[in-house]
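S.K.: Hey, dropping upload_24.pdb in here, PDB, C-alpha atoms:
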ATOM      1  CA  VAL A 760      25.438 -16.069  -5.168
ATOM      2  CA  LEU A 761      22.896 -17.711  -7.459
ATOM      3  CA  ILE A 762      23.368 -21.163  -5.933
ATOM      4  CA  GLY A 763      23.400 -19.703  -2.412
ATOM      5  CA  TYR A 764      20.068 -17.933  -2.856
ATOM      6  CA  SER A 765      18.616 -21.060  -4.502
ATOM      7  CA  LEU A 766      19.706 -23.258  -1.584
ATOM      8  CA  GLU A 767      18.183 -20.764   0.846
ATOM      9  CA  LEU A 768      14.886 -19.736  -0.762
ATOM     10  CA  ILE A 769      13.768 -22.840  -2.667
ATOM     11  CA  PRO A 770      13.772 -25.232   0.341
ATOM     12  CA  MET A 771      11.999 -22.539   2.360
ATOM     13  CA  VAL A 772       9.318 -22.110  -0.303
ATOM     14  CA  VAL A 773       8.835 -25.874  -0.536
ATOM     15  CA  LYS A 774       8.608 -26.268   3.252
ATOM     16  CA  VAL A 775       6.079 -23.462   3.756
ATOM     17  CA  ALA A 776       4.046 -24.603   0.739
ATOM     18  CA  VAL A 777       3.810 -28.113   2.228
ATOM     19  CA  ILE A 778       2.745 -26.663   5.610
ATOM     20  CA  ASN A 779       0.036 -24.635   3.877
ATOM     21  CA  LYS A 780      -1.127 -27.707   1.963
ATOM     22  CA  ILE A 781      -1.378 -29.766   5.162
ATOM     23  CA  PHE A 782      -3.427 -27.153   7.018
ATOM     24  CA  GLN A 783      -5.711 -26.507   4.049
ATOM     25  CA  ALA A 784      -6.355 -30.244   3.778
ATOM     26  CA  SER A 785      -6.939 -30.560   7.540
ATOM     27  CA  GLU A 786      -9.696 -27.944   7.348
ATOM     28  CA  LYS A 787     -11.469 -30.200   4.839
ATOM     29  CA  LEU A 788     -10.654 -33.331   6.884
ATOM     30  CA  ASN A 789      -8.607 -34.727   4.020
ATOM     31  CA  VAL A 790      -5.509 -36.918   4.291
ATOM     32  CA  VAL A 791      -2.283 -35.571   2.784
ATOM     33  CA  LYS A 792       0.623 -37.831   1.902
ATOM     34  CA  ILE A 793       3.983 -36.072   1.723
ATOM     35  CA  GLU A 794       6.952 -38.004   0.383
ATOM     36  CA  ARG A 795      10.310 -36.696   1.541
ATOM     37  CA  SER A 796      12.015 -37.948  -1.611
ATOM     38  CA  SER A 797       9.762 -35.822  -3.817
ATOM     39  CA  LEU A 798      10.664 -32.716  -1.810
ATOM     40  CA  TYR A 799      14.369 -33.479  -2.183
ATOM     41  CA  LYS A 800      13.919 -34.026  -5.918
ATOM     42  CA  LEU A 801      12.095 -30.715  -6.319
ATOM     43  CA  VAL A 802      14.776 -28.739  -4.487
ATOM     44  CA  GLY A 803      17.585 -30.640  -6.217
ATOM     45  CA  GLY A 804      16.038 -30.051  -9.637
ATOM     46  CA  CYS A 805      15.801 -26.297  -9.082
ATOM     47  CA  VAL A 806      19.390 -26.116  -7.825
ATOM     48  CA  LEU A 807      20.497 -28.208 -10.802
ATOM     49  CA  LEU A 808      18.884 -25.677 -13.139
ATOM     50  CA  ALA A 809      20.840 -22.904 -11.436
ATOM     51  CA  CYS A 810      24.078 -24.890 -11.833
ATOM     52  CA  THR A 811      23.247 -25.517 -15.517
ATOM     53  CA  TYR A 812      22.700 -21.798 -16.056
ATOM     54  CA  LEU A 813      26.078 -20.971 -14.493
ATOM     55  CA  THR A 814      27.754 -23.656 -16.614
ATOM     56  CA  ILE A 815      26.257 -22.213 -19.801
ATOM     57  CA  TRP A 816      27.354 -18.736 -18.710
ATOM     58  CA  THR A 817      30.916 -19.990 -18.180
ATOM     59  CA  LEU A 818      31.049 -21.784 -21.537
ATOM     60  CA  ILE A 819      29.479 -19.033 -23.643
ATOM     61  CA  ASP A 820      30.897 -15.940 -21.978
ATOM     62  CA  PRO A 821      33.695 -16.858 -19.533
ATOM     63  CA  SER A 822      35.330 -14.330 -17.254
ATOM     64  CA  ILE A 823      38.506 -12.975 -18.812
ATOM     65  CA  PRO A 824      41.119 -10.538 -17.476
ATOM     66  CA  GLN A 825      40.187  -6.967 -18.301
ATOM     67  CA  SER A 826      41.681  -3.561 -17.597
ATOM     68  CA  LYS A 827      39.857  -0.319 -16.958
ATOM     69  CA  MET A 828      41.579   3.023 -17.145
ATOM     70  CA  VAL A 829      40.203   6.135 -15.480
ATOM     71  CA  LEU A 830      41.683   9.599 -15.928
ATOM     72  CA  LEU A 831      42.090  10.993 -12.421
ATOM     73  CA  LYS A 832      43.998  14.210 -13.005
ATOM     74  CA  LYS A 833      45.486  16.091 -15.893
ATOM     75  CA  GLN A 834      47.833  19.011 -16.073
ATOM     76  CA  PRO A 835      48.083  20.032 -19.748
ATOM     77  CA  GLU A 836      50.528  22.806 -18.980
ATOM     78  CA  ASP A 837      53.017  20.266 -17.622
ATOM     79  CA  ASP A 838      51.976  17.548 -20.077
ATOM     80  CA  ILE A 839      51.156  15.228 -17.130
ATOM     81  CA  TYR A 840      48.212  12.841 -17.098
ATOM     82  CA  ILE A 841      47.439  10.602 -14.105
ATOM     83  CA  VAL A 842      45.535   7.460 -15.098
ATOM     84  CA  GLU A 843      44.271   4.785 -12.681
ATOM     85  CA  VAL A 844      44.394   1.258 -14.095
ATOM     86  CA  SER A 845      42.321  -1.472 -12.400
ATOM     87  CA  GLN A 846      42.624  -5.165 -13.241
ATOM     88  CA  HIS A 847      39.710  -7.562 -12.851
ATOM     89  CA  CYS A 848      38.018 -10.598 -14.408
ATOM     90  CA  GLU A 849      34.631 -10.116 -16.023
ATOM     91  CA  SER A 850      32.431 -11.524 -18.774
ATOM     92  CA  THR A 851      32.102  -9.569 -21.987
ATOM     93  CA  GLN A 852      28.317  -9.235 -21.618
ATOM     94  CA  SER A 853      28.271  -9.267 -17.819
ATOM     95  CA  SER A 854      25.429  -6.731 -17.564
ATOM     96  CA  TRP A 855      22.949  -8.991 -19.371
ATOM     97  CA  TRP A 856      23.944 -12.029 -17.319
ATOM     98  CA  HIS A 857      23.547 -10.096 -14.080
ATOM     99  CA  ILE A 858      20.168  -8.751 -15.189
ATOM    100  CA  SER A 859      18.923 -12.302 -15.858
ATOM    101  CA  VAL A 860      20.193 -13.406 -12.432
ATOM    102  CA  SER A 861      18.402 -10.447 -10.819
ATOM    103  CA  ILE A 862      15.157 -11.416 -12.584
ATOM    104  CA  TYR A 863      15.528 -14.994 -11.307
ATOM    105  CA  LEU A 864      16.133 -13.831  -7.725
ATOM    106  CA  LEU A 865      13.210 -11.402  -7.933
ATOM    107  CA  THR A 866      10.979 -14.259  -9.126
ATOM    108  CA  LEU A 867      12.072 -16.335  -6.125
ATOM    109  CA  LEU A 868      11.287 -13.466  -3.752
ATOM    110  CA  ILE A 869       7.856 -12.879  -5.317
ATOM    111  CA  THR A 870       7.073 -16.601  -5.034
ATOM    112  CA  THR A 871       8.196 -16.592  -1.407
ATOM    113  CA  SER A 872       5.993 -13.546  -0.756
ATOM    114  CA  ALA A 873       2.958 -15.298  -2.227
ATOM    115  CA  ILE A 874       3.605 -18.431  -0.136
ATOM    116  CA  ALA A 875       4.146 -16.326   2.993
ATOM    117  CA  ALA A 876       0.797 -14.567   2.436
ATOM    118  CA  GLN A 877      -0.945 -17.964   2.401
ATOM    119  CA  ASN A 878       0.904 -18.894   5.596
ATOM    120  CA  PHE A 879      -0.483 -15.885   7.479
ATOM    121  CA  ASN A 880      -3.711 -17.462   8.765
ATOM    122  CA  ILE A 881      -2.481 -20.851   9.925
ATOM    123  CA  ARG A 882      -1.738 -21.878  13.510
ATOM    124  CA  GLN A 883       0.781 -19.664  15.270
ATOM    125  CA  ASP A 884       3.198 -22.533  15.993
ATOM    126  CA  PHE A 885       3.686 -23.030  12.248
ATOM    127  CA  ASN A 886       3.176 -19.427  11.146
ATOM    128  CA  GLU A 887       6.368 -18.077   9.576
ATOM    129  CA  SER A 888       4.869 -15.187   7.616
ATOM    130  CA  LYS A 889       6.430 -12.521   9.861
ATOM    131  CA  TYR A 890       9.955 -13.915   9.536
ATOM    132  CA  LEU A 891       9.551 -14.505   5.804
ATOM    133  CA  ALA A 892       8.310 -10.944   5.265
ATOM    134  CA  LEU A 893      11.299  -9.484   7.119
ATOM    135  CA  MET A 894      13.703 -11.731   5.225
ATOM    136  CA  ILE A 895      12.191 -10.796   1.852
ATOM    137  CA  TYR A 896      12.408  -7.112   2.747
ATOM    138  CA  SER A 897      16.073  -7.597   3.708
ATOM    139  CA  HIS A 898      16.871  -9.381   0.431
ATOM    140  CA  LEU A 899      15.103  -6.698  -1.612
ATOM    141  CA  LEU A 900      16.943  -3.927   0.218
ATOM    142  CA  PHE A 901      20.415  -5.417  -0.191
ATOM    143  CA  GLY A 902      19.637  -6.587  -3.726
ATOM    144  CA  SER A 903      18.624  -3.062  -4.730
ATOM    145  CA  LEU A 904      21.812  -1.652  -3.211
ATOM    146  CA  ARG A 905      23.940  -4.206  -5.086
ATOM    147  CA  THR A 906      22.193  -3.332  -8.344
ATOM    148  CA  VAL A 907      22.898   0.369  -7.844
ATOM    149  CA  VAL A 908      26.550  -0.317  -7.048
ATOM    150  CA  PHE A 909      26.959  -2.662 -10.031
ATOM    151  CA  PHE A 910      25.609  -0.225 -12.604
ATOM    152  CA  SER A 911      27.460   2.767 -11.128
ATOM    153  CA  GLN A 912      30.909   1.178 -10.959
ATOM    154  CA  ASP A 913      32.072   2.939 -14.120
ATOM    155  CA  THR A 914      30.679   6.353 -13.248
ATOM    156  CA  LEU A 915      30.584   6.925  -9.490
ATOM    157  CA  VAL A 916      33.135   4.492  -8.047
ATOM    158  CA  SER A 917      36.019   2.429  -9.409
ATOM    159  CA  TYR A 918      35.704  -1.297  -9.996
ATOM    160  CA  ASN A 919      37.941  -2.206  -7.050
ATOM    161  CA  ILE A 920      35.849  -0.141  -4.624
ATOM    162  CA  SER A 921      32.557  -1.441  -6.040
ATOM    163  CA  ALA A 922      33.765  -5.048  -5.703
ATOM    164  CA  GLY A 923      34.517  -4.431  -2.026
ATOM    165  CA  ILE A 924      31.116  -2.820  -1.495
ATOM    166  CA  MET A 925      29.358  -5.743  -3.243
ATOM    167  CA  SER A 926      31.201  -8.228  -1.034
ATOM    168  CA  LEU A 927      30.231  -6.253   2.087
ATOM    169  CA  LEU A 928      26.570  -6.082   1.020
ATOM    170  CA  LEU A 929      26.452  -9.832   0.370
ATOM    171  CA  SER A 930      27.954 -10.525   3.804
ATOM    172  CA  LEU A 931      25.466  -8.195   5.499
ATOM    173  CA  ASP A 932      22.602  -9.814   3.595
ATOM    174  CA  SER A 933      23.682 -13.265   4.804
ATOM    175  CA  LEU A 934      24.065 -12.079   8.405
ATOM    176  CA  ALA A 935      20.654 -10.369   8.290
ATOM    177  CA  THR A 936      19.033 -13.574   7.017
ATOM    178  CA  ILE A 937      20.630 -15.615   9.791
ATOM    179  CA  GLY A 938      19.533 -13.072  12.394
ATOM    180  CA  ILE A 939      15.975 -12.750  11.086
ATOM    181  CA  TYR A 940      15.068 -16.361  10.347
ATOM    182  CA  PHE A 941      17.454 -18.823  11.969
ATOM    183  CA  VAL A 942      18.438 -17.205  15.286
ATOM    184  CA  PRO A 943      14.800 -16.991  16.563
ATOM    185  CA  LYS A 944      14.321 -20.681  15.720
ATOM    186  CA  LEU A 945      17.480 -21.647  17.608
ATOM    187  CA  VAL A 946      16.374 -19.569  20.603
ATOM    188  CA  THR A 947      12.906 -21.152  20.523
ATOM    189  CA  ALA A 948      14.370 -24.651  20.264
ATOM    190  CA  LYS A 949      16.712 -24.011  23.186
ATOM    191  CA  LYS A 950      13.862 -22.592  25.262
ATOM    192  CA  SER A 951      11.670 -25.607  24.474
ATOM    193  CA  ASN A 952      14.430 -27.981  25.551
ATOM    194  CA  SER A 953      14.899 -26.035  28.786
ATOM    195  CA  ASP A 954      11.147 -26.096  29.517
ATOM    196  CA  ALA A 955      10.977 -29.824  28.814
ATOM    197  CA  HIS A 956      13.950 -30.467  31.087
ATOM    198  CA  ALA A 957      12.380 -28.363  33.858
ATOM    199  CA  THR A 958       9.095 -30.255  33.466
ATOM    200  CA  GLU A 959      10.903 -33.581  33.765
ATOM    201  CA  GLN A 960      12.682 -32.416  36.908
ATOM    202  CA  SER A 961       9.463 -31.151  38.522
ATOM    203  CA  GLY A 962       7.714 -34.388  37.628
ATOM    204  CA  GLY A 963      10.532 -36.405  39.196
ATOM    205  CA  THR A 964      10.397 -34.327  42.366
ATOM    206  CA  GLU A 965       6.636 -34.790  42.712
ATOM    207  CA  SER A 966       6.925 -38.549  42.226
ATOM    208  CA  LYS A 967       9.543 -38.744  44.982
ATOM    209  CA  LYS A 968       7.300 -36.803  47.372
ATOM    210  CA  THR A 969       4.392 -39.082  46.576
ATOM    211  CA  SER A 970       6.438 -42.215  47.176
ATOM    212  CA  LYS A 971       7.524 -40.888  50.587
TER     213      LYS A 971
END
Produce structure tokens that represent the structure in this file.

M.R.:
Amino acid sequence: VLIGYSLELIPMVVKVAVINKIFQASEKLNVVKIERSSLYKLVGGCVLLACTYLTIWTLIDPSIPQSKMVLLKKQPEDDIYIVEVSQHCESTQSSWWHISVSIYLLTLLITTSAIAAQNFNIRQDFNESKYLALMIYSHLLFGSLRTVVFFSQDTLVSYNISAGIMSLLLSLDSLATIGIYFVPKLVTAKKSNSDAHATEQSGGTESKKTSK
């Protein structure tokens, strides 16, 4: 999850920040030199930090098999106790690790929000503030729901049910991101190709008429 969000949000922040820098420089009639290698290094460095964090987490507090027992029903008169036992793998201090991950993701979303606000006034062809705002709202919504489920797994729902809910929320978050940000771009690209093809055909037809 951490690497996935990093691979999604960090390149997007870098791209929009570069677009903002280009348009701000163009207003002052300044020349901006953007090196592709530096952008790759920036994104790769941030992702490497995320991988380093996960490695440290695994070395210091690895996931180990754990059992949780929940008393479902008791009948003292018959001396019968029904206990549900769930098996799972989890770190000993998983709550603190998940809190630090949540803080990191929230920082990414706040940074993306700030970049999107700067992107609001640039030319419409390059303006992605609307899509970024919807995507940030989607991430915050699903992230809040995952946080509630994670911290209520011992009280409201069992671990097995909460794990299924977390998986469903992550899948819905990914699908929402694809639908909000990437699908409109694919539709626009396909429409542009169709318009260009139609323009070429009309131009060819006019040239034939002229030659006749």

S.K.: Out of A:Gln912, A:Thr936, A:Thr866, A:Ser921, which residue has the shortest atom-to-atom distance to A:Leu893 when counting all atoms listed in the file?

M.R.: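 Checking each candidate against A:Leu893, we get A:Thr936 as the closest.
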
S.K.: Please, what distance in Å, to one decimal, runs between atom CA of A:Phe782 and atom CA of A:Glu887?

M.R.: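 Value for the atom CA of A:Phe782-atom CA of A:Glu887 distance: 13.6 Å.
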
S.K.: On this structure, the PyMOL selection byres ((chain A and resi 791-803) around 9) would catch which residues? List them as a PyMOL selection string, sorted by chain and number.

M.R.: chain A and resi 765-766+769-770+773-774+777+780-781+784-785+789-790+804-808

S.K.: At what distance in Å, to one decimal, does atom CA of A:Ala922 lie from atom CA of A:Val842?

M.R.: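 Computing it gives 19.6 Å between the two atoms.
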
S.K.: Pick from A:Ala809, A:Ile862, A:Leu891, A:Leu899: nearest to A:Ala875, with all atoms listed in the file counted?

M.R.: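 Smallest separation from A:Ala875 among the options: A:Leu891.
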
S.K.: Report, in Å to a single decimal, how far apart atom CA of A:Asp820 and atom CA of A:Glu767 are.

M.R.: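 Here the two named atoms are 26.6 Å from each other.
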
S.K.: Could you spell out the hits of the PyMOL selection byres ((chain A and resi 865) around 12) on the shown file, as a PyMOL selection string?

M.R.: chain A and resi 761+764-765+768+858-864+866-872+895-896+898-900+902-903

S.K.: Near A:Ile939, counting only C-alpha atoms, which residues have an atom at most 10 Å away, once you skip same-chain residues fewer than 6 positions from it, shown as a PyMOL selection string?

M.R.: chain A and resi 889-894+897+933

S.K.: Measuring between only C-alpha atoms, which one of A:Arg905, A:Lys944, A:His857, A:Lys949 shows the shortest distance to A:Tyr812?

M.R.: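 The shortest atom-to-atom distance to A:Tyr812 comes from A:His857.
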
S.K.: Put the listed atoms of stretch 867-876 of chain A in a box along x, y and z with 5 Å added on every side and give me the centre and edge lengths in Å to one decimal, as JSON.

M.R.:
{"center_x": 6.4, "center_y": -15.7, "center_z": -1.6, "size_x": 21.3, "size_y": 15.6, "size_z": 19.1}

S.K.: Which residue gives the smallest distance to A:Asn779 among A:Ser911, A:Ser917, A:Gln877, A:Thr814, with only C-alpha atoms counted?

M.R.: A:Gln877

S.K.: With all atoms listed in the file as the basis for distance, which of A:Leu928, A:Pro943, A:Glu843, A:Ala873 is at the shortest distance from A:Val907?

M.R.: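 For A:Val907, the nearest of the given residues is A:Leu928.
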
S.K.: Return the single residue from A:Ser926, A:Asn919, A:Ser888, A:Ser826 that is closest to A:Ala776, with distances computed using only C-alpha atoms.

M.R.: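 Ranking A:Ser926, A:Asn919, A:Ser888, A:Ser826 by distance to A:Ala776, first place goes to A:Ser888.
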